[in-house]
>>> print(open('input.tsv').read())   # TSV, C-alpha atoms and all ligand atoms
chain	number	residue	atom	x	y	z
A	296	MET	CA	0.00	0.00	0.00
A	297	THR	CA	1.48	3.35	-1.04
A	298	ILE	CA	0.53	6.38	1.03
A	299	ARG	CA	-0.31	9.30	-1.25
A	300	ILE	CA	1.07	12.47	0.28
A	301	GLY	CA	0.34	16.16	-0.32
A	302	VAL	CA	2.95	18.78	0.67
A	303	ILE	CA	1.96	22.30	1.75
A	304	GLY	CA	4.96	24.65	1.52
A	305	THR	CA	7.73	23.64	-0.85
A	306	GLY	CA	10.52	25.78	0.59
A	307	MET	CA	13.72	24.36	2.03
A	308	ILE	CA	12.34	21.63	4.24
A	309	GLY	CA	9.30	20.92	2.05
A	310	GLU	CA	11.67	20.10	-0.78
A	311	GLU	CA	14.01	18.13	1.49
A	312	HIS	CA	11.17	16.00	2.85
A	313	SER	CA	9.73	15.49	-0.66
A	314	ARG	CA	13.16	14.37	-1.84
A	315	ARG	CA	13.68	11.92	1.01
A	316	ILE	CA	10.19	10.43	0.64
A	317	THR	CA	10.80	10.00	-3.09
A	318	GLN	CA	14.43	8.86	-3.02
A	319	ASN	CA	15.27	7.39	0.43
A	320	LEU	CA	12.09	6.10	2.04
A	321	THR	CA	9.57	3.44	1.18
A	322	GLY	CA	5.78	3.33	1.15
A	323	GLY	CA	5.07	6.98	0.33
A	324	GLU	CA	4.58	8.98	-2.84
A	325	ILE	CA	4.24	12.75	-3.30
A	326	VAL	CA	1.08	13.21	-5.40
A	327	ALA	CA	0.28	16.85	-4.61
A	328	VAL	CA	2.14	20.03	-3.71
A	329	THR	CA	1.27	23.66	-3.11
A	330	ASP	CA	3.01	26.86	-2.10
A	331	VAL	CA	1.91	30.50	-2.00
A	332	ASN	CA	4.78	30.89	-4.40
A	333	GLN	CA	3.43	28.69	-7.21
A	334	ASP	CA	6.63	28.98	-9.22
A	335	GLN	CA	8.49	27.49	-6.30
A	336	ALA	CA	6.04	24.55	-6.14
A	337	ARG	CA	6.40	23.91	-9.87
A	338	ALA	CA	10.19	24.15	-9.65
A	339	VAL	CA	10.30	21.49	-6.92
A	340	VAL	CA	8.09	19.15	-8.97
A	341	GLU	CA	10.47	19.68	-11.87
A	342	ARG	CA	13.71	19.32	-9.88
A	343	LEU	CA	12.63	16.12	-8.14
A	344	GLY	CA	10.82	14.68	-11.17
A	345	LEU	CA	7.61	14.24	-9.15
A	346	ALA	CA	4.37	12.97	-10.67
A	347	ALA	CA	2.52	15.51	-8.51
A	348	LYS	CA	-0.30	17.95	-9.18
A	349	VAL	CA	0.36	21.57	-8.18
A	350	TYR	CA	-2.63	22.90	-6.20
A	351	GLU	CA	-3.55	26.58	-5.91
A	352	ASP	CA	-3.79	26.48	-2.14
A	353	GLY	CA	-3.44	24.27	0.90
A	354	GLN	CA	-7.15	23.90	1.55
A	355	SER	CA	-7.89	22.39	-1.88
A	356	LEU	CA	-4.89	20.06	-1.57
A	357	ILE	CA	-6.19	18.79	1.78
A	358	GLN	CA	-9.63	18.11	0.27
A	359	ALA	CA	-8.25	16.20	-2.74
A	360	ASP	CA	-9.58	12.61	-2.87
A	361	ASP	CA	-6.22	11.14	-3.87
A	362	VAL	CA	-4.34	12.69	-0.90
A	363	ASP	CA	-4.17	10.21	2.01
A	364	ALA	CA	-1.84	12.25	4.25
A	365	VAL	CA	-0.62	15.83	4.45
A	366	LEU	CA	2.84	17.28	5.16
A	367	VAL	CA	2.73	20.85	6.50
A	368	THR	CA	6.07	22.52	5.80
A	369	SER	CA	4.97	26.12	5.28
A	370	TRP	CA	5.89	29.00	7.63
A	371	GLY	CA	5.10	28.48	11.31
A	372	PRO	CA	2.15	30.94	11.59
A	373	THR	CA	0.27	29.02	8.84
A	374	HIS	CA	0.52	25.57	10.47
A	375	GLU	CA	-2.52	25.73	12.73
A	376	GLU	CA	-4.95	26.44	9.89
A	377	TYR	CA	-3.72	23.52	7.78
A	378	VAL	CA	-3.50	21.02	10.62
A	379	LEU	CA	-7.07	21.88	11.66
A	380	ALA	CA	-8.26	21.46	8.06
A	381	ALA	CA	-6.51	18.08	7.76
A	382	ILE	CA	-8.11	16.88	11.01
A	383	ALA	CA	-11.53	18.09	9.81
A	384	ALA	CA	-10.98	16.09	6.59
A	385	GLY	CA	-10.04	13.00	8.68
A	386	LYS	CA	-6.51	12.91	7.20
A	387	TYR	CA	-3.21	12.11	8.87
A	388	VAL	CA	-0.92	15.13	9.04
A	389	PHE	CA	2.78	15.51	9.69
A	390	CYS	CA	3.41	19.10	10.79
A	391	GLU	CA	6.88	20.59	10.94
A	392	LYS	CA	7.67	22.41	14.16
A	393	PRO	CA	6.15	24.50	15.59
A	394	LEU	CA	2.74	22.81	15.68
A	395	ALA	CA	1.40	26.35	16.11
A	396	THR	CA	3.22	29.50	17.15
A	397	THR	CA	1.14	29.87	20.33
A	398	ALA	CA	-0.14	27.47	22.99
A	399	GLU	CA	-3.68	28.62	22.20
A	400	GLY	CA	-3.21	27.52	18.58
A	401	CYS	CA	-1.95	24.10	19.74
A	402	ARG	CA	-4.89	23.81	22.14
A	403	ASN	CA	-7.29	24.33	19.22
A	404	ILE	CA	-5.58	21.43	17.44
A	405	ILE	CA	-5.78	19.20	20.52
A	406	ASP	CA	-9.48	19.95	20.95
A	407	ALA	CA	-10.13	19.13	17.28
A	408	GLU	CA	-8.11	15.89	17.43
A	409	ILE	CA	-9.85	14.70	20.59
A	410	GLU	CA	-13.18	15.54	18.94
A	411	ALA	CA	-12.12	13.49	15.88
A	412	GLY	CA	-11.59	10.59	18.30
A	413	ARG	CA	-8.19	9.34	17.04
A	414	ARG	CA	-4.61	10.52	16.73
A	415	LEU	CA	-4.03	12.05	13.31
A	416	VAL	CA	-1.14	14.44	14.00
A	417	GLN	CA	2.62	13.91	14.24
A	418	VAL	CA	4.85	16.90	15.06
A	419	GLY	CA	8.28	17.30	13.43
A	420	PHE	CA	10.42	17.09	16.57
A	421	MET	CA	13.14	15.15	14.77
A	422	ARG	CA	15.72	15.23	17.56
A	423	ARG	CA	13.82	12.37	19.21
A	424	TYR	CA	15.05	10.25	16.28
A	425	ASP	CA	18.69	11.43	16.39
A	426	SER	CA	21.10	8.64	17.35
A	427	GLY	CA	23.14	10.89	19.69
A	428	TYR	CA	20.13	12.08	21.66
A	429	ASN	CA	18.89	8.48	21.83
A	430	LEU	CA	22.21	7.39	23.38
A	431	MET	CA	21.75	10.12	25.98
A	432	LYS	CA	18.19	9.05	26.70
A	433	GLU	CA	19.25	5.41	27.09
A	434	ALA	CA	22.01	6.45	29.53
A	435	ILE	CA	19.57	8.54	31.58
A	436	ASP	CA	16.87	5.86	31.59
A	437	ALA	CA	19.43	3.17	32.55
A	438	ASP	CA	20.47	5.38	35.49
A	439	ARG	CA	24.06	5.58	34.26
A	440	LEU	CA	24.34	9.25	35.31
A	441	GLY	CA	22.39	8.99	38.56
A	442	GLU	CA	19.65	11.62	38.78
A	443	PRO	CA	20.06	14.40	36.18
A	444	LEU	CA	20.78	17.71	37.92
A	445	MET	CA	21.60	20.21	35.18
A	446	ILE	CA	21.69	20.60	31.40
A	447	HIS	CA	24.03	23.00	29.60
A	448	ALA	CA	23.04	23.43	25.98
A	449	ALA	CA	23.63	25.61	22.94
A	450	HIS	CA	21.64	26.00	19.72
A	451	ARG	CA	23.62	27.94	17.14
A	452	ASN	CA	22.78	28.83	13.54
A	453	PRO	CA	25.27	30.63	11.27
A	454	GLU	CA	22.71	33.27	10.26
A	455	VAL	CA	18.97	33.92	9.93
A	456	PRO	CA	16.90	35.85	7.36
A	457	GLU	CA	15.45	39.36	7.90
A	458	ARG	CA	12.00	37.95	8.70
A	459	TYR	CA	13.43	36.20	11.80
A	460	VAL	CA	12.47	38.35	14.82
A	461	THR	CA	13.19	38.08	18.56
A	462	PRO	CA	10.26	35.78	19.57
A	463	MET	CA	11.31	33.31	16.84
A	464	ALA	CA	14.40	32.52	18.89
A	465	ILE	CA	11.84	30.76	21.09
A	466	HIS	CA	9.06	29.34	18.89
A	467	ASP	CA	11.20	28.62	15.83
A	468	THR	CA	14.55	27.68	17.39
A	469	LEU	CA	14.40	26.91	21.14
A	470	ILE	CA	11.21	24.91	20.51
A	471	HIS	CA	13.48	21.96	19.64
A	472	GLU	CA	15.15	22.08	23.07
A	473	LEU	CA	11.81	22.65	24.80
A	474	ASP	CA	10.59	19.36	23.37
A	475	THR	CA	13.87	17.44	23.60
A	476	PHE	CA	14.49	18.11	27.29
A	477	ARG	CA	10.94	17.15	28.34
A	478	TRP	CA	11.47	13.89	26.47
A	479	LEU	CA	15.04	13.29	27.70
A	480	LEU	CA	14.23	13.96	31.34
A	481	ASP	CA	10.62	12.73	31.36
A	482	ASP	CA	9.80	15.97	33.13
A	483	ASP	CA	7.94	19.26	32.57
A	484	TYR	CA	8.93	22.88	33.05
A	485	LYS	CA	8.24	25.05	36.07
A	486	SER	CA	9.81	28.41	35.22
A	487	ALA	CA	11.72	30.34	32.59
A	488	GLN	CA	13.90	33.42	32.37
A	489	VAL	CA	15.53	34.97	29.30
A	490	ILE	CA	18.69	37.05	29.45
A	491	PHE	CA	20.09	39.14	26.61
A	492	PRO	CA	23.88	39.38	26.58
A	493	ARG	CA	25.63	42.02	24.49
A	494	LYS	CA	24.13	41.90	20.96
A	495	THR	CA	26.24	40.66	18.06
A	496	ARG	CA	26.81	43.19	15.29
A	497	HIS	CA	25.83	40.45	12.81
A	498	ALA	CA	22.18	40.38	13.98
A	499	HIS	CA	19.41	42.22	12.10
A	500	SER	CA	17.72	45.11	13.90
A	501	LYS	CA	14.59	43.06	14.77
A	502	VAL	CA	16.32	40.18	16.52
A	503	GLU	CA	18.05	40.18	19.89
A	504	ASP	CA	20.93	37.78	19.48
A	505	PRO	CA	22.32	35.88	21.35
A	506	GLN	CA	19.89	34.97	24.12
A	507	ILE	CA	20.31	32.79	27.20
A	508	VAL	CA	17.25	30.86	28.34
A	509	LEU	CA	17.19	29.52	31.91
A	510	LEU	CA	14.64	26.82	32.64
A	511	GLU	CA	13.71	24.95	35.79
A	512	THR	CA	11.85	21.64	35.64
A	513	VAL	CA	9.26	20.26	38.05
A	514	LYS	CA	11.87	17.78	39.37
A	515	GLY	CA	14.27	20.69	39.97
A	516	VAL	CA	16.66	20.21	37.04
A	517	ARG	CA	18.25	23.53	35.99
A	518	ILE	CA	18.81	24.10	32.29
A	519	ASP	CA	20.70	26.84	30.49
A	520	VAL	CA	20.43	27.15	26.71
A	521	GLU	CA	22.38	29.61	24.61
A	522	VAL	CA	20.41	30.49	21.47
A	523	PHE	CA	22.76	32.23	19.04
A	524	VAL	CA	21.37	32.41	15.51
A	525	ASN	CA	24.00	34.61	13.86
A	526	CYS	CA	27.05	32.84	15.22
A	527	ARG	CA	28.59	32.86	11.74
A	528	TYR	CA	30.79	29.76	12.10
A	529	GLY	CA	28.24	26.97	11.60
A	530	TYR	CA	25.19	24.97	12.70
A	531	ASP	CA	26.15	23.73	16.11
A	532	ILE	CA	23.99	21.83	18.60
A	533	GLN	CA	25.54	21.19	22.01
A	534	CYS	CA	24.13	19.41	25.04
A	535	ASP	CA	25.68	18.22	28.31
A	536	VAL	CA	23.52	16.43	30.86
A	537	VAL	CA	25.09	16.64	34.31
A	538	GLY	CA	23.99	13.88	36.67
A	539	GLU	CA	24.89	12.80	40.21
A	540	GLU	CA	27.37	10.21	38.95
A	541	GLY	CA	28.69	11.73	35.74
A	542	ILE	CA	28.12	13.79	32.63
A	543	ALA	CA	26.86	12.73	29.20
A	544	ARG	CA	27.78	14.89	26.24
A	545	LEU	CA	25.86	14.82	22.93
A	546	PRO	CA	28.21	13.29	20.31
A	547	GLU	CA	29.54	15.55	17.57
A	548	PRO	CA	28.34	14.62	14.08
A	549	GLN	CA	30.67	12.09	12.48
A	550	SER	CA	33.42	13.74	10.40
A	551	LEU	CA	36.97	13.22	9.21
A	552	THR	CA	39.79	14.75	11.20
A	553	PHE	CA	42.40	16.35	8.95
A	554	ARG	CA	46.10	16.77	9.70
A	555	GLN	CA	47.01	19.13	6.95
A	556	ALA	CA	49.04	22.28	6.29
A	557	GLY	CA	50.00	22.67	9.93
A	558	GLN	CA	46.40	22.32	11.14
A	559	LEU	CA	44.43	19.66	13.00
A	560	SER	CA	40.83	20.22	11.87
A	561	CYS	CA	37.40	18.82	11.13
A	562	GLU	CA	34.37	20.22	9.33
A	563	ILE	CA	31.62	22.08	11.17
A	564	LEU	CA	28.24	21.59	9.46
A	565	GLN	CA	26.47	24.67	8.12
A	566	ASP	CA	22.80	23.77	8.44
A	567	TRP	CA	20.19	21.40	9.87
A	568	LYS	CA	19.96	19.37	6.65
A	569	LYS	CA	23.10	17.30	7.18
A	570	ARG	CA	23.09	17.54	10.97
A	571	PHE	CA	19.75	15.77	11.30
A	572	ASN	CA	19.59	14.00	7.93
A	573	ASP	CA	19.34	10.49	9.36
A	574	ALA	CA	16.90	11.56	12.07
A	575	PHE	CA	14.59	13.07	9.43
A	576	ASP	CA	14.67	9.78	7.51
A	577	VAL	CA	13.68	7.73	10.56
A	578	GLU	CA	11.07	10.27	11.61
A	579	LEU	CA	9.28	10.39	8.26
A	580	GLN	CA	9.54	6.65	7.62
A	581	GLY	CA	7.84	6.24	11.01
A	582	PHE	CA	5.07	8.60	9.95
A	583	ILE	CA	4.47	6.80	6.63
A	584	ASP	CA	4.48	3.39	8.33
A	585	GLY	CA	2.15	4.73	11.02
A	586	VAL	CA	-0.33	6.02	8.43
A	587	ALA	CA	-0.20	2.66	6.62
A	588	ALA	CA	-0.88	0.87	9.91
A	589	GLY	CA	-3.63	3.33	10.87
A	590	GLU	CA	-1.77	4.53	13.98
A	591	VAL	CA	0.73	7.41	14.21
A	592	THR	CA	2.96	7.14	17.27
A	593	GLY	CA	5.57	9.94	16.90
A	594	PRO	CA	5.58	13.22	18.86
A	595	SER	CA	1.94	14.14	19.42
A	596	SER	CA	-0.13	17.31	19.45
A	597	TRP	CA	0.24	17.16	23.22
A	598	ASP	CA	4.03	17.34	22.85
A	599	GLY	CA	3.58	20.28	20.47
A	600	TYR	CA	1.28	21.93	23.01
A	601	ALA	CA	3.60	21.32	25.98
A	602	ALA	CA	6.52	22.89	24.13
A	603	ALA	CA	4.33	25.81	23.04
A	604	ILE	CA	3.15	26.49	26.61
A	605	ALA	CA	6.78	26.76	27.73
A	606	GLY	CA	7.52	28.76	24.57
A	607	ASP	CA	4.78	31.33	25.27
A	608	VAL	CA	6.18	31.82	28.77
A	609	CYS	CA	9.71	32.25	27.38
A	610	VAL	CA	8.41	34.95	25.00
A	611	ARG	CA	6.79	36.66	27.98
A	612	ALA	CA	10.08	36.33	29.86
A	613	GLN	CA	11.90	37.95	26.91
A	614	GLU	CA	9.65	40.98	27.44
A	615	SER	CA	9.62	41.10	31.25
A	616	GLY	CA	13.18	40.06	32.05
A	617	ALA	CA	11.67	38.30	35.09
A	618	ILE	CA	11.51	34.64	36.12
A	619	GLU	CA	8.11	33.55	34.82
A	620	ALA	CA	6.13	30.54	36.06
A	621	ILE	CA	5.17	27.76	33.62
A	622	GLU	CA	1.98	25.87	34.36
A	623	MET	CA	1.20	22.68	32.46
A	624	PRO	CA	-2.39	21.46	32.45
A	625	GLU	CA	-3.02	17.79	33.14
A	626	ARG	CA	-2.45	15.50	30.16
A	627	PRO	CA	-5.75	14.10	28.83
A	628	ALA	CA	-6.02	10.28	28.82
A	629	PHE	CA	-6.32	10.53	25.01
A	630	TYR	CA	-2.54	11.32	24.89
A	631	ALA	CA	-1.45	8.83	27.57
B	1	LIG	N1	12.84	20.32	11.96
B	1	LIG	C1	13.73	21.19	11.56
B	1	LIG	O1	14.89	21.19	11.94
B	1	LIG	C2	13.32	22.25	10.59
B	1	LIG	C3	14.26	22.75	9.69
B	1	LIG	C4	13.85	23.76	8.83
B	1	LIG	C5	12.55	24.24	8.87
B	1	LIG	N2	11.68	23.73	9.75
B	1	LIG	C6	10.30	24.25	9.84
B	1	LIG	O2	9.68	24.04	8.56
B	1	LIG	C7	8.87	25.17	8.23
B	1	LIG	C8	9.36	25.74	6.91
B	1	LIG	O3	10.69	26.17	7.05
B	1	LIG	P1	11.66	26.37	5.77
B	1	LIG	O4	13.02	26.57	6.35
B	1	LIG	O5	11.44	25.33	4.78
B	1	LIG	O6	11.13	27.78	5.25
B	1	LIG	P2	11.10	28.30	3.76
B	1	LIG	O7	10.83	29.77	3.84
B	1	LIG	O8	12.29	27.83	3.00
B	1	LIG	O9	9.83	27.55	3.14
B	1	LIG	C9	8.52	27.78	3.56
B	1	LIG	C10	7.64	27.78	2.32
B	1	LIG	O10	6.27	27.90	2.73
B	1	LIG	C11	5.64	28.72	1.79
B	1	LIG	N3	4.43	29.25	2.41
B	1	LIG	C12	4.34	30.25	3.31
B	1	LIG	N4	3.05	30.43	3.66
B	1	LIG	C13	2.33	29.50	2.98
B	1	LIG	C14	0.95	29.18	2.94
B	1	LIG	N5	0.05	29.84	3.66
B	1	LIG	N6	0.57	28.15	2.15
B	1	LIG	C15	1.46	27.46	1.38
B	1	LIG	N7	2.77	27.76	1.38
B	1	LIG	C16	3.20	28.75	2.17
B	1	LIG	C17	6.66	29.77	1.42
B	1	LIG	O11	6.35	30.41	0.18
B	1	LIG	C18	7.93	28.93	1.37
B	1	LIG	O12	8.17	28.43	0.06
B	1	LIG	C19	8.97	26.13	9.42
B	1	LIG	O13	7.89	25.89	10.29
B	1	LIG	C20	10.27	25.74	10.09
B	1	LIG	O14	10.26	26.02	11.46
B	1	LIG	C21	12.03	22.71	10.59
B	2	LIG	O1	13.58	26.26	11.25
B	2	LIG	C1	14.92	26.14	11.65
B	2	LIG	C2	15.17	24.70	12.10
B	2	LIG	O2	14.21	24.30	13.03
B	2	LIG	C3	16.55	24.51	12.68
B	2	LIG	O3	16.69	23.20	13.21
B	2	LIG	C4	16.85	25.53	13.77
B	2	LIG	O4	18.19	25.38	14.17
B	2	LIG	C5	16.63	26.94	13.28
B	2	LIG	O5	16.91	27.87	14.30
B	2	LIG	C6	15.22	27.14	12.77
B	2	LIG	O6	15.08	28.45	12.26
>>> encode(input="input.tsv", output="structure tokens")
Amino acid sequence: MTIRIGVIGTGMIGEEHSRRITQNLTGGEIVAVTDVNQDQARAVVERLGLAAKVYEDGQSLIQADDVDAVLVTSWGPTHEEYVLAAIAAGKYVFCEKPLATTAEGCRNIIDAEIEAGRRLVQVGFMRRYDSGYNLMKEAIDADRLGEPLMIHAAHRNPEVPERYVTPMAIHDTLIHELDTFRWLLDDDYKSAQVIFPRKTRHAHSKVEDPQIVLLETVKGVRIDVEVFVNCRYGYDIQCDVVGEEGIARLPEPQSLTFRQAGQLSCEILQDWKKRFNDAFDVELQGFIDGVAAGEVTGPSSWDGYAAAIAGDVCVRAQESGAIEAIEMPERPAFYA
């Protein structure tokens, strides 16, 4: 059985996911695409040699009879509308992060999914499929570190476009850590504070950069995350979990070490594509297999909502400079 997939938003990751479904994965076929920039959608069909129809808009793609499942890879603020429409049409939907840019938007999705009576949504939190993070999770779960006490982390991008503004450091970038640490620690957040160090001269006027986010979990773990999206030198994801008995460090991506011309060196990756390439493959294969089996099991709308609740508080903390409380509602049995 081949799952017929429609893609909404054929920018960088929409094209990447379409390519991997077509060239690397099994059981899925891209039959429909759309983008507000129709030329872009047509160009992707052409580049990848897809046998896909180009739709005028996301809503008509979702309604199409030959689309079994939808991939939402458009800009963050458009996700909620398309995920809600897919749920209303009874179709499985893989939504890139963020599920919605606010907790309220995620709550609307949760309410609609519960109303529909079955899980239809998977959120694109791909770090849960990364081999390095999985080694860390296994070490924590096997009690190899003792109780986790602290996490020191960094999320660095070489640069961001002009449309990237200060709150996006939270709901577009930190959202990965907000999900990953809940999952790694099996914990939820209690408070957040955001500190702005001296601003880099490489940042646009509308983004404070870098930022330091301080989180406290319900179990008392303290987390500091440096978000630095104009760091210039590369795409760099760092994470140390400090436990009672030792420290686990996220492995660096595999690369050759060169001894050459008086230098000892290795490559630093420049974007998320290579850094999480394998994780994206596993993540999307899981989604396709889940749709075929009639049960999606990846990160849920609840995970998207939990991250967004913490994210909203972090945005508030960006504005107030204060330590802000995070309150998580009780998880409905539907997402147990
Ligand atoms: N998991 C990850 O690591 C990862 C990596 C990159 C991007 N993303 C997420 O994927 C999404 C897209 O990011 P990107 O880097 O590909 O951005 P992009 O700007 O390259 O592509 C987004 C595309 O969506 C289109 N679009 C915007 N509004 C639309 C609408 N209403 N309907 C249809 N198309 C619309 C744009 O024209 C553009 O072509 C974002 O939510 C981003 O956070 C996730
Ligand atoms: O959309 C991208 C993507 O999610 C990357 O993984 C992250 O590092 C960037 O900050 C974000 O803008």
>>> residues_around(input="input.tsv", residues="Ser500 (chain A)", least_positions_apart="6", cutoff="10 Å", atoms="all atoms listed in the file", output="list of chain:residue names")
A:Glu457, A:Val460, A:Thr461
>>> residues_near_point(input="input.tsv", point="(-14.6, 9.7, 13.8)", cutoff="12 Å", atoms="all atoms listed in the file", output="short mmCIF file (atom, residue, chain, number, x, y, z; two decimals) with C-alpha atoms, in the frame of the given file")
data_model
loop_
_atom_site.label_atom_id
_atom_site.label_comp_id
_atom_site.auth_asym_id
_atom_site.auth_seq_id
_atom_site.Cartn_x
_atom_site.Cartn_y
_atom_site.Cartn_z
CA ILE A 382 -8.11 16.88 11.01
CA ALA A 383 -11.53 18.09 9.81
CA ALA A 384 -10.98 16.09 6.59
CA GLY A 385 -10.04 13.00 8.68
CA LYS A 386 -6.51 12.91 7.20
CA ALA A 407 -10.13 19.13 17.28
CA GLU A 408 -8.11 15.89 17.43
CA ILE A 409 -9.85 14.70 20.59
CA GLU A 410 -13.18 15.54 18.94
CA ALA A 411 -12.12 13.49 15.88
CA GLY A 412 -11.59 10.59 18.30
CA ARG A 413 -8.19 9.34 17.04
CA ARG A 414 -4.61 10.52 16.73
CA LEU A 415 -4.03 12.05 13.31
#
>>> atom_distance(input="input.tsv", atom1="atom C9 of ligand LIG 1 (chain B)", atom2="CA of Ala612 (chain A)")
27.7 Å
>>> closest_atom_pairs(input="input.tsv", of="chain A", to="ligand LIG 1 (chain B)", cutoff="9 Å", atoms="only C-alpha atoms and all ligand atoms", output="Markdown table")
| residue | atom | partner | partner_atom | distance |
| --- | --- | --- | --- | --- |
| A:Val302 | CA | B:LIG1 | C15 | 8.8 |
| A:Ile303 | CA | B:LIG1 | C15 | 5.2 |
| A:Gly304 | CA | B:LIG1 | O10 | 3.7 |
| A:Thr305 | CA | B:LIG1 | O12 | 4.9 |
| A:Gly306 | CA | B:LIG1 | O9 | 3.2 |
| A:Met307 | CA | B:LIG1 | O5 | 3.7 |
| A:Ile308 | CA | B:LIG1 | O5 | 3.8 |
| A:Gly309 | CA | B:LIG1 | O5 | 5.6 |
| A:Glu310 | CA | B:LIG1 | O5 | 7.6 |
| A:Glu311 | CA | B:LIG1 | O5 | 8.3 |
| A:Thr329 | CA | B:LIG1 | C15 | 5.9 |
| A:Asp330 | CA | B:LIG1 | N7 | 3.6 |
| A:Val331 | CA | B:LIG1 | N7 | 4.4 |
| A:Asn332 | CA | B:LIG1 | O11 | 4.9 |
| A:Gln333 | CA | B:LIG1 | O11 | 8.1 |
| A:Gln335 | CA | B:LIG1 | O12 | 6.4 |
| A:Ala336 | CA | B:LIG1 | O12 | 7.6 |
| A:Glu351 | CA | B:LIG1 | C15 | 8.9 |
| A:Asp352 | CA | B:LIG1 | N6 | 6.3 |
| A:Gly353 | CA | B:LIG1 | N6 | 5.7 |
| A:Gln354 | CA | B:LIG1 | N6 | 8.8 |
| A:Val367 | CA | B:LIG1 | C7 | 7.7 |
| A:Thr368 | CA | B:LIG1 | C7 | 4.6 |
| A:Ser369 | CA | B:LIG1 | O10 | 3.4 |
| A:Trp370 | CA | B:LIG1 | O13 | 4.6 |
| A:Gly371 | CA | B:LIG1 | O13 | 3.9 |
| A:Pro372 | CA | B:LIG1 | O13 | 7.8 |
| A:Thr373 | CA | B:LIG1 | N5 | 5.2 |
| A:His374 | CA | B:LIG1 | O13 | 7.4 |
| A:Glu376 | CA | B:LIG1 | N5 | 8.7 |
| A:Tyr377 | CA | B:LIG1 | N5 | 8.4 |
| A:Cys390 | CA | B:LIG1 | O13 | 8.2 |
| A:Glu391 | CA | B:LIG1 | O2 | 5.0 |
| A:Lys392 | CA | B:LIG1 | O14 | 5.2 |
| A:Pro393 | CA | B:LIG1 | O13 | 5.7 |
| A:Leu394 | CA | B:LIG1 | O13 | 8.1 |
| A:Ala395 | CA | B:LIG1 | O13 | 8.7 |
| A:Gly419 | CA | B:LIG1 | N1 | 5.7 |
| A:Phe420 | CA | B:LIG1 | N1 | 6.1 |
| A:Met421 | CA | B:LIG1 | N1 | 5.9 |
| A:Arg422 | CA | B:LIG1 | N1 | 8.1 |
| A:His466 | CA | B:LIG1 | O14 | 8.2 |
| A:Asp467 | CA | B:LIG1 | O14 | 5.2 |
| A:Thr468 | CA | B:LIG1 | O14 | 7.5 |
| A:His471 | CA | B:LIG1 | O1 | 7.9 |
| A:Asp566 | CA | B:LIG1 | C3 | 8.7 |
| A:Trp567 | CA | B:LIG1 | O1 | 5.7 |
| A:Lys568 | CA | B:LIG1 | C3 | 7.3 |
| A:Phe571 | CA | B:LIG1 | O1 | 7.3 |
| A:Phe575 | CA | B:LIG1 | N1 | 7.9 |
>>> write_last_selection(input="input.tsv", atoms="C-alpha atoms", output="CSV table (one decimal), in the coordinates of the input")
chain,number,residue,atom,x,y,z
A,302,VAL,CA,3.0,18.8,0.7
A,303,ILE,CA,2.0,22.3,1.8
A,304,GLY,CA,5.0,24.6,1.5
A,305,THR,CA,7.7,23.6,-0.8
A,306,GLY,CA,10.5,25.8,0.6
A,307,MET,CA,13.7,24.4,2.0
A,308,ILE,CA,12.3,21.6,4.2
A,309,GLY,CA,9.3,20.9,2.0
A,310,GLU,CA,11.7,20.1,-0.8
A,311,GLU,CA,14.0,18.1,1.5
A,329,THR,CA,1.3,23.7,-3.1
A,330,ASP,CA,3.0,26.9,-2.1
A,331,VAL,CA,1.9,30.5,-2.0
A,332,ASN,CA,4.8,30.9,-4.4
A,333,GLN,CA,3.4,28.7,-7.2
A,335,GLN,CA,8.5,27.5,-6.3
A,336,ALA,CA,6.0,24.6,-6.1
A,351,GLU,CA,-3.6,26.6,-5.9
A,352,ASP,CA,-3.8,26.5,-2.1
A,353,GLY,CA,-3.4,24.3,0.9
A,354,GLN,CA,-7.2,23.9,1.6
A,367,VAL,CA,2.7,20.8,6.5
A,368,THR,CA,6.1,22.5,5.8
A,369,SER,CA,5.0,26.1,5.3
A,370,TRP,CA,5.9,29.0,7.6
A,371,GLY,CA,5.1,28.5,11.3
A,372,PRO,CA,2.2,30.9,11.6
A,373,THR,CA,0.3,29.0,8.8
A,374,HIS,CA,0.5,25.6,10.5
A,376,GLU,CA,-5.0,26.4,9.9
A,377,TYR,CA,-3.7,23.5,7.8
A,390,CYS,CA,3.4,19.1,10.8
A,391,GLU,CA,6.9,20.6,10.9
A,392,LYS,CA,7.7,22.4,14.2
A,393,PRO,CA,6.2,24.5,15.6
A,394,LEU,CA,2.7,22.8,15.7
A,395,ALA,CA,1.4,26.4,16.1
A,419,GLY,CA,8.3,17.3,13.4
A,420,PHE,CA,10.4,17.1,16.6
A,421,MET,CA,13.1,15.2,14.8
A,422,ARG,CA,15.7,15.2,17.6
A,466,HIS,CA,9.1,29.3,18.9
A,467,ASP,CA,11.2,28.6,15.8
A,468,THR,CA,14.6,27.7,17.4
A,471,HIS,CA,13.5,22.0,19.6
A,566,ASP,CA,22.8,23.8,8.4
A,567,TRP,CA,20.2,21.4,9.9
A,568,LYS,CA,20.0,19.4,6.6
A,571,PHE,CA,19.8,15.8,11.3
A,575,PHE,CA,14.6,13.1,9.4
>>> residues_around(input="input.tsv", residues="Asp576 (chain A)", least_positions_apart="4", cutoff="8 Å", atoms="only C-alpha atoms", output="ChimeraX atom specification")
/A:315,319-320,572,580
>>> closest_residue(input="input.tsv", among="A:Asp360, A:Ala602, A:Glu619, A:Gly427", to="Gln549 (chain A)", atoms="all atoms listed in the file")
A:Gly427
>>> atom_distance(input="input.tsv", atom1="CA of Asp531 (chain A)", atom2="CA of Thr397 (chain A)")
26.1 Å
>>> atom_distance(input="input.tsv", atom1="CA of Asp504 (chain A)", atom2="atom O3 of ligand LIG 2 (chain B)")
16.4 Å
